[in-house]
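Okay, structure first, notes after.
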Amino acid sequence: MINLSFLIRQISLITLLTVGVSLEMIGGVIDLAFAAQLSASALIGIFLIAGGCPVWVGCIGILFFNFFLGFLKAVFLVKLRVPSIIFTLAMQVILSNFLLATVDYTGIVIPELRESYRGNIYIGMELAVTVLCVAGAFFFLEKTYYGKYCRMLGENLPLARESGVKCFGISVAVHLFASLFFSISAAFLMFRTGSSNSALGATYLYQILTAVFLGGVLPNTGKGRIFGMLSGALAVTLAVTFLTGSGYLYRFENILEGSIILVALALGVRKKNRESSP
């Protein structure tokens, strides 16, 4: 039987991560580091709280850490023109090994933090925060010039440069906004588990990429809509919940997600080729 509270929390988390990664991909970035970034930022928060800092200081630490990484992405990807797959893969390796060297798989646990975060009021709070964030993403993409130029960067960065678009500034804005989604997701995970370890965000890598591609957000197209992102997030949440509950089918989760990613990419490339052909 599906636990409704668990399902709502999974929908909130997967939606936030899907929208965050989608924003980056619409801007032309294939981010393979967000899962390790999730683990590392949650670790920052746990370190601060375990060291005696108030909870809000831990949350601020998570936010600033993600903002720093977001700014770093803009510098390397737009200023230095490093391919996004290479840079984010390198970042993923660095963060993952840093986590293993720091806390390994056991991590840091604060049981009191987890116990204080139980109850329906917190589930409702997560859902409300998710709705506000999604509304903000819609406004950002559809109602601001940042969204317009973000799509230009994703579709054709050299052309955007030639057109006089301030590509670095737009990229910084996009990555900082996406970092807000990653920060909230990391805080949610930190509160739910009362801990952080090197594998905290690892399970979300393929899940979120699957949700992004299912939602119609594809690399180098500059296209993507909030409704599609929500649809992809919901589909993946339901699939993961079912696979987890079935036990046996859970073994094939990554195979299924990888297959979906390949099919979605193939369909996206085919559609783009059709649109570009005379």
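Just remember, in the structure tokens the first chain shown is A, the second B, etc., residues are 1-based per chain, and ligands are 1-based in the order shown.
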Selection: 10 Å around A:Phe98, only C-alpha atoms, excl. self and same-chain fewer than 6 positions, as a PyMOL selection string: chain A and resi 36+40+92+104+198
Who sits within 10 Å of stretch 158-170 of chain A, only C-alpha atoms, same chain under 4 positions skipped, as a list in words: Gly27, Phe71, Ala74, Val75, Leu77, Val78, Lys79, Tyr145, Tyr146, Gly147, Lys148, Tyr149, Cys150, Arg151, Met152, Leu153, Gly154, Val174, His175 and Leu176 of chain A
Among stretch 20-232 of chain A, which ones does DSSP assign to strand (DSSP E or B) (computed from the backbone)? Answer as a PDB file with C-alpha atoms, in the first residue's frame.
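The new file out-v2.pdb reads:
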```
ATOM      1  CA  ILE A 108      26.573  12.465  10.215  1.00  0.00           C
ATOM      2  CA  VAL A 109      23.294  11.831  12.013  1.00  0.00           C
ATOM      3  CA  SER A 195      21.602  13.280   8.436  1.00  0.00           C
ATOM      4  CA  SER A 196      23.848  13.604   5.441  1.00  0.00           C
TER       5      SER A 196
END
```
Contacts of A:Ser179 within 8 Å, only C-alpha atoms, excl. fewer than 6 positions in-chain, as a VMD selection string: chain A and resid 20 63 66 to 67 69 to 70
Please save N, CA and C atoms of the selected residues as a PDB file, in the first residue's frame.
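Produced file selection38.pdb, reproduced below:
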```pdb
ATOM      1  N   GLY A  20      14.738  22.574 -11.245  1.00  0.00           N
ATOM      2  CA  GLY A  20      16.079  23.146 -11.158  1.00  0.00           C
ATOM      3  C   GLY A  20      16.983  22.684 -12.285  1.00  0.00           C
ATOM      4  N   LEU A  63      22.371  27.298   1.288  1.00  0.00           N
ATOM      5  CA  LEU A  63      22.040  28.241   0.213  1.00  0.00           C
ATOM      6  C   LEU A  63      23.292  28.870  -0.383  1.00  0.00           C
ATOM      7  N   ASN A  66      25.402  26.405  -2.477  1.00  0.00           N
ATOM      8  CA  ASN A  66      24.824  26.172  -3.803  1.00  0.00           C
ATOM      9  C   ASN A  66      24.956  27.394  -4.699  1.00  0.00           C
ATOM     10  N   PHE A  67      24.823  28.579  -4.127  1.00  0.00           N
ATOM     11  CA  PHE A  67      25.025  29.797  -4.911  1.00  0.00           C
ATOM     12  C   PHE A  67      26.461  29.870  -5.434  1.00  0.00           C
ATOM     13  N   LEU A  69      28.455  27.320  -6.081  1.00  0.00           N
ATOM     14  CA  LEU A  69      28.604  26.353  -7.168  1.00  0.00           C
ATOM     15  C   LEU A  69      27.882  26.830  -8.429  1.00  0.00           C
ATOM     16  N   GLY A  70      26.736  27.479  -8.259  1.00  0.00           N
ATOM     17  CA  GLY A  70      26.016  28.011  -9.409  1.00  0.00           C
ATOM     18  C   GLY A  70      26.823  29.078 -10.132  1.00  0.00           C
TER      19      GLY A  70
END
```
Which residue of A:Leu214, A:Leu89, A:Met229, A:Leu238 approaches A:Asn3 most closely, using only C-alpha atoms: A:Leu238
How close does each residue of stretch 119-218 of chain A get to stretch 52-59 of chain A, giving the shortest atom pair and distance in Å to one decimal for every residue with an atom at most 10 Å away, counting only C-alpha atoms, sorted by chain and residue number, as JSON lines?
```
{"residue": "A:Ser183", "atom": "CA", "partner": "A:Cys59", "partner_atom": "CA", "distance": 8.0}
{"residue": "A:Ile184", "atom": "CA", "partner": "A:Cys59", "partner_atom": "CA", "distance": 8.5}
{"residue": "A:Ala186", "atom": "CA", "partner": "A:Cys59", "partner_atom": "CA", "distance": 9.0}
{"residue": "A:Ala187", "atom": "CA", "partner": "A:Cys59", "partner_atom": "CA", "distance": 6.5}
{"residue": "A:Phe188", "atom": "CA", "partner": "A:Cys59", "partner_atom": "CA", "distance": 9.9}
{"residue": "A:Met190", "atom": "CA", "partner": "A:Cys59", "partner_atom": "CA", "distance": 9.5}
{"residue": "A:Phe191", "atom": "CA", "partner": "A:Val55", "partner_atom": "CA", "distance": 9.7}
```
Got time to write the residues from that selection, N, CA, C and O atoms, as a compact mmCIF listing (two decimals), in the first residue's frame?
```txt
# COMPACT_ATOMS: atom_id res chain seq x y z
N SER A 183 19.01 24.05 -3.22
CA SER A 183 19.17 24.34 -1.79
C SER A 183 17.96 23.89 -0.99
O SER A 183 18.10 23.26 0.07
N ILE A 184 16.78 24.20 -1.50
CA ILE A 184 15.56 23.79 -0.80
C ILE A 184 15.45 22.27 -0.76
O ILE A 184 15.08 21.68 0.26
N ALA A 186 17.95 20.12 -0.80
CA ALA A 186 18.94 19.63 0.16
C ALA A 186 18.45 19.82 1.59
O ALA A 186 18.63 18.94 2.45
N ALA A 187 17.82 20.96 1.86
CA ALA A 187 17.28 21.22 3.20
C ALA A 187 16.17 20.23 3.53
O ALA A 187 16.10 19.70 4.65
N PHE A 188 15.30 19.96 2.57
CA PHE A 188 14.23 18.98 2.79
C PHE A 188 14.81 17.62 3.16
O PHE A 188 14.37 16.98 4.12
N MET A 190 17.78 16.96 4.35
CA MET A 190 18.48 17.05 5.63
C MET A 190 17.50 16.93 6.79
O MET A 190 17.73 16.20 7.76
N PHE A 191 16.38 17.64 6.70
CA PHE A 191 15.38 17.59 7.77
C PHE A 191 14.70 16.23 7.85
O PHE A 191 14.43 15.71 8.94
```
Residues near A:Ala137, cut-off 8 Å, only C-alpha atoms, skip fewer than 4 positions along chain, as a VMD selection string: chain A and resid 19 133 141 226
Output of the above residues as a PDB file, in the first residue's frame, restricted to C-alpha atoms:
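Dumped everything to again-v9.pdb:
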```pdb
ATOM      1  CA  VAL A  19      12.586  22.178 -12.332  1.00  0.00           C
ATOM      2  CA  CYS A 133       8.908  27.687  -6.324  1.00  0.00           C
ATOM      3  CA  LEU A 141      10.761  31.590 -17.774  1.00  0.00           C
ATOM      4  CA  ILE A 226       6.615  24.147 -16.620  1.00  0.00           C
TER       5      ILE A 226
END
```
Pick from A:Val131, A:Ile86, A:Val236, A:Ala266 nearest to A:Tyr204, counting only C-alpha atoms: A:Val236
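Closest approach to A:Val217 among A:Ala35, A:Leu100, A:Ile26, A:Ala128: A:Ile26, based on only C-alpha atoms.
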DSSP-assigned helix (DSSP H, G or I) among stretch 54-190 of chain A, expressed as a ChimeraX atom specification: /A:55-79,84-102,111-115,120-143,145-155,157-162,167-190
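You will find atom CA of A:Phe138 at 10.3 Å from atom CA of A:Leu23.
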Residues near A:Gly228, cut-off 10 Å, only C-alpha atoms, skip fewer than 4 positions along chain, as number ranges by chain: A: 19, 211-217, 224, 232-234
Written selection (all heavy atoms) as a tab-separated table (two decimals), in the first residue's frame:
```tsv
chain	number	residue	atom	x	y	z
A	19	VAL	N	12.65	20.79	-11.85
A	19	VAL	CA	12.59	22.18	-12.33
A	19	VAL	C	13.97	22.82	-12.31
A	19	VAL	O	14.36	23.52	-13.25
A	19	VAL	CB	11.58	23.00	-11.50
A	19	VAL	CG1	11.62	24.47	-11.90
A	19	VAL	CG2	10.17	22.45	-11.67
A	211	ALA	N	12.97	12.45	-15.51
A	211	ALA	CA	11.84	13.37	-15.40
A	211	ALA	C	12.01	14.58	-16.33
A	211	ALA	O	11.06	15.03	-16.97
A	211	ALA	CB	11.69	13.83	-13.96
A	212	VAL	N	13.24	15.09	-16.40
A	212	VAL	CA	13.52	16.24	-17.25
A	212	VAL	C	13.24	15.92	-18.72
A	212	VAL	O	12.55	16.66	-19.43
A	212	VAL	CB	14.98	16.71	-17.07
A	212	VAL	CG1	15.36	17.74	-18.13
A	212	VAL	CG2	15.18	17.30	-15.68
A	213	PHE	N	13.77	14.78	-19.18
A	213	PHE	CA	13.59	14.41	-20.59
A	213	PHE	C	12.14	14.04	-20.89
A	213	PHE	O	11.62	14.36	-21.96
A	213	PHE	CB	14.53	13.26	-20.95
A	213	PHE	CG	15.98	13.65	-20.93
A	213	PHE	CD1	16.94	12.81	-20.37
A	213	PHE	CD2	16.40	14.86	-21.45
A	213	PHE	CE1	18.28	13.17	-20.35
A	213	PHE	CE2	17.74	15.23	-21.43
A	213	PHE	CZ	18.68	14.39	-20.88
A	214	LEU	N	11.49	13.36	-19.95
A	214	LEU	CA	10.08	13.04	-20.14
A	214	LEU	C	9.24	14.31	-20.24
A	214	LEU	O	8.22	14.34	-20.93
A	214	LEU	CB	9.56	12.18	-18.98
A	214	LEU	CG	9.81	10.68	-19.04
A	214	LEU	CD1	9.26	10.01	-17.78
A	214	LEU	CD2	9.18	10.06	-20.28
A	215	GLY	N	9.68	15.35	-19.54
A	215	GLY	CA	8.96	16.61	-19.56
A	215	GLY	C	9.19	17.44	-20.80
A	215	GLY	O	8.67	18.56	-20.92
A	216	GLY	N	9.99	16.91	-21.73
A	216	GLY	CA	10.19	17.61	-23.00
A	216	GLY	C	11.32	18.61	-23.00
A	216	GLY	O	11.46	19.39	-23.94
A	217	VAL	N	12.14	18.61	-21.96
A	217	VAL	CA	13.30	19.51	-21.91
A	217	VAL	C	14.51	18.74	-22.43
A	217	VAL	O	14.93	17.76	-21.82
A	217	VAL	CB	13.57	20.01	-20.48
A	217	VAL	CG1	14.74	20.99	-20.46
A	217	VAL	CG2	12.32	20.67	-19.91
A	224	GLY	N	11.26	24.16	-23.26
A	224	GLY	CA	10.82	23.50	-22.04
A	224	GLY	C	9.74	24.33	-21.37
A	224	GLY	O	9.85	25.55	-21.29
A	232	GLY	N	6.61	15.28	-16.11
A	232	GLY	CA	7.73	14.36	-15.99
A	232	GLY	C	8.03	13.99	-14.55
A	232	GLY	O	8.28	12.83	-14.23
A	233	ALA	N	7.97	14.99	-13.66
A	233	ALA	CA	8.22	14.74	-12.24
A	233	ALA	C	7.18	13.80	-11.65
A	233	ALA	O	7.50	12.88	-10.88
A	233	ALA	CB	8.25	16.06	-11.47
A	234	LEU	N	5.92	14.03	-12.00
A	234	LEU	CA	4.84	13.18	-11.47
A	234	LEU	C	4.97	11.75	-11.99
A	234	LEU	O	4.82	10.78	-11.22
A	234	LEU	CB	3.49	13.76	-11.87
A	234	LEU	CG	2.25	12.98	-11.39
A	234	LEU	CD1	2.22	12.90	-9.87
A	234	LEU	CD2	0.97	13.63	-11.91
```
7 Å contact set for stretch 37-39 of chain A, only C-alpha atoms, chain neighbours under 4 positions out, as a VMD selection string: chain A and resid 33 43 95 182 186 196 to 201
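Nearest to A:Leu32 of all the residues A:Ala239, A:Ala202, A:Leu48, A:Val103 is A:Ala202, based on only C-alpha atoms.
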Contacts of A:Thr88 within 9 Å, only C-alpha atoms, excl. fewer than 6 positions in-chain, as number ranges by chain: A: 29-34, 73
Residues as selected, N, CA, C and O atoms, written as an mmCIF file, in the first residue's frame, can you do that?
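Below is the file part_2.cif, written as the result:
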```cif
data_model
loop_
_atom_site.group_PDB
_atom_site.id
_atom_site.type_symbol
_atom_site.label_atom_id
_atom_site.label_comp_id
_atom_site.auth_asym_id
_atom_site.auth_seq_id
_atom_site.Cartn_x
_atom_site.Cartn_y
_atom_site.Cartn_z
ATOM 1 N N VAL A 29 22.807 23.798 -20.420
ATOM 2 C CA VAL A 29 23.733 23.067 -19.550
ATOM 3 C C VAL A 29 23.175 21.689 -19.211
ATOM 4 O O VAL A 29 22.054 21.571 -18.707
ATOM 5 N N ILE A 30 23.950 20.665 -19.487
ATOM 6 C CA ILE A 30 23.619 19.312 -19.052
ATOM 7 C C ILE A 30 24.351 19.087 -17.736
ATOM 8 O O ILE A 30 25.565 18.903 -17.713
ATOM 9 N N ASP A 31 23.615 19.131 -16.641
ATOM 10 C CA ASP A 31 24.215 19.097 -15.308
ATOM 11 C C ASP A 31 24.238 17.668 -14.768
ATOM 12 O O ASP A 31 23.199 17.103 -14.439
ATOM 13 N N LEU A 32 25.433 17.101 -14.671
ATOM 14 C CA LEU A 32 25.596 15.763 -14.107
ATOM 15 C C LEU A 32 26.078 15.814 -12.661
ATOM 16 O O LEU A 32 26.326 14.772 -12.057
ATOM 17 N N ALA A 33 26.194 17.026 -12.115
ATOM 18 C CA ALA A 33 26.758 17.183 -10.773
ATOM 19 C C ALA A 33 25.709 17.475 -9.711
ATOM 20 O O ALA A 33 26.040 17.533 -8.528
ATOM 21 N N PHE A 34 24.453 17.659 -10.104
ATOM 22 C CA PHE A 34 23.468 18.132 -9.129
ATOM 23 C C PHE A 34 23.239 17.141 -7.991
ATOM 24 O O PHE A 34 22.952 17.539 -6.863
ATOM 25 N N LYS A 73 29.622 27.457 -12.056
ATOM 26 C CA LYS A 73 29.158 26.887 -13.326
ATOM 27 C C LYS A 73 29.108 27.956 -14.412
ATOM 28 O O LYS A 73 29.544 27.726 -15.545
#
```
